[in-house]
Amino acid sequence: MHEIVLEAASVFFGSDAEKEFVHSVRALGEALTIEHRRNVLEDVVKIAEADGILLNSEQNLLSILASAWDIKATKDRLIDETSARLEGDSEWSVLHDIALMYLIMGHSSDGELSSVEIQAMVNRLGEWEPNLKEEAVREIIRTALAYYGQSPDAADIGDSISAIREALRRSQRLIILDDLITIAKADGAVTDAERDIVESLSAARHIDVRIAY
C-alpha cells in the first residue's frame with residue numbers, strides 16, 4: 001500500500017515535479033529513522049497550519065506522507081492537536097466511489113500506479129461531470145486516494161460498489177466498465193489480474209455481459 005501513495009503523487013504535481021517528489025519521499029523514508037520521520041511530519045504540519053487553516057489538499061498530502069512513512073498515528077495526533085481550522089471534508093459522492101474503483105484497477109493489478117494511469121482517470125472521471133474543472137476532478141481523486149491509502153477492507157469497498165449500483169443505471173455502469181478497461185490499457189496490454197477485476201466488478205454490478213478487450 002505504501003507504493004501507491006508515492007506513485008500517486010502525480011495527482012498533486014506535474015510530471016517533472018512528480019518524479020522529484022516521489023524520489024524525495026522515498027529517499028527520506030529509507031534514510032530517516034521513524035522518530036525523524038515523525039519530526040519531519042510535525043514540521044510539515046507547522047508549515048501547513050501557518051496561515052490558520054489546513055486545507056483539504058494539505059490534509060490529503062499529510063495522509064500520503066504519513067502512509068508512505070508508516071506513521072499514520074502521528075498524523076492523526078497532529079491533526080487532532082492542531083489549532084488551525086480544518087477545511088471541511090469534501091462530501092463523498094458517487095464520483096468518489098467511481099474514483100475509488102479507478103484506483104483499485106490502476107493499483108491492484110500490478111502494485112503500481114503510473115502517471116499515465118492517473119491521467120486516464122482524470123480524463124474519464126471528468127467526462128462524468130463536464131462542468132467540473134480539471135483541478136476539481138483531481139481533488140476528487142485525491143480524496144479517494146487518501147481513503148484508499150487507509151487500506152479500506154472488503155466491506156468498505158463493497159459499500160462503494162453498492163452505492164454505484166444503486167445510483168447509476170445499467171447503461172452508466174457499462175460506461176464505468178469501459179472506463180476501467182481504458183485505465184487498464186493506459187500503461188500497456190490488459191493483464192489477467194485486470195481482466196479479473198473487470199469481471200468481478202461486472203458481476204457485482206449485476207451486468208451479465210462479457211466485455212471484449
# chains A, B, ... in the order shown; residues from 1 in each chain; ligands from 1
call {"tool": "residues_around", "arguments": {"residues": "stretch 177-184 of chain A", "least_positions_apart": "3", "cutoff": "7 Å", "atoms": "only C-alpha atoms", "output": "number ranges by chain"}}
result
A: 102, 105-106, 117, 120-121, 124, 173-174, 187, 190, 194, 198
call {"tool": "residues_around", "arguments": {"residues": "A:Ala146", "least_positions_apart": "2", "cutoff": "8 Å", "atoms": "only C-alpha atoms", "output": "MDAnalysis selection string"}}
result
chainID A and resid 60 63:64 142:144 148:150
call {"tool": "write_last_selection", "arguments": {"atoms": "C-alpha atoms", "output": "mmCIF file, in the first residue's frame"}}
result
data_model
loop_
_atom_site.group_PDB
_atom_site.id
_atom_site.type_symbol
_atom_site.label_atom_id
_atom_site.label_comp_id
_atom_site.auth_asym_id
_atom_site.auth_seq_id
_atom_site.Cartn_x
_atom_site.Cartn_y
_atom_site.Cartn_z
ATOM 1 C CA ASN A 60 -4.602 14.754 1.859
ATOM 2 C CA SER A 63 -2.142 11.473 4.689
ATOM 3 C CA ILE A 64 0.049 10.477 1.751
ATOM 4 C CA ARG A 142 -7.051 12.997 -4.134
ATOM 5 C CA THR A 143 -9.833 12.417 -1.609
ATOM 6 C CA ALA A 144 -10.428 8.889 -2.883
ATOM 7 C CA TYR A 148 -7.587 4.164 -0.320
ATOM 8 C CA GLY A 149 -4.312 4.854 1.453
ATOM 9 C CA GLN A 150 -6.046 3.910 4.721
#
call {"tool": "select_by_dssp", "arguments": {"residues": "stretch 29-135 of chain A", "states": "strand (DSSP E or B)", "output": "number ranges by chain"}}
result
A: 53-54, 85-86
call {"tool": "select_by_dssp", "arguments": {"residues": "stretch 30-143 of chain A", "states": "helix (DSSP H, G or I)", "output": "ChimeraX atom specification"}}
result
/A:30-31,34-48,56-68,72-81,94-108,115-128,134-143
call {"tool": "residues_around", "arguments": {"residues": "stretch 67-83 of chain A", "least_positions_apart": "5", "cutoff": "12 Å", "atoms": "only C-alpha atoms", "output": "VMD selection string"}}
result
chain A and resid 1 to 9 22 24 to 56 58 to 62 145 to 151
call {"tool": "closest_residue", "arguments": {"among": "A:Ile175, A:Gly188, A:Trp92, A:Glu112", "to": "A:Ala163", "atoms": "only C-alpha atoms"}}
result
A:Trp92
call {"tool": "atom_distance", "arguments": {"atom1": "atom CA of A:Leu95", "atom2": "atom CA of A:Leu65"}}
result
24.3 Å
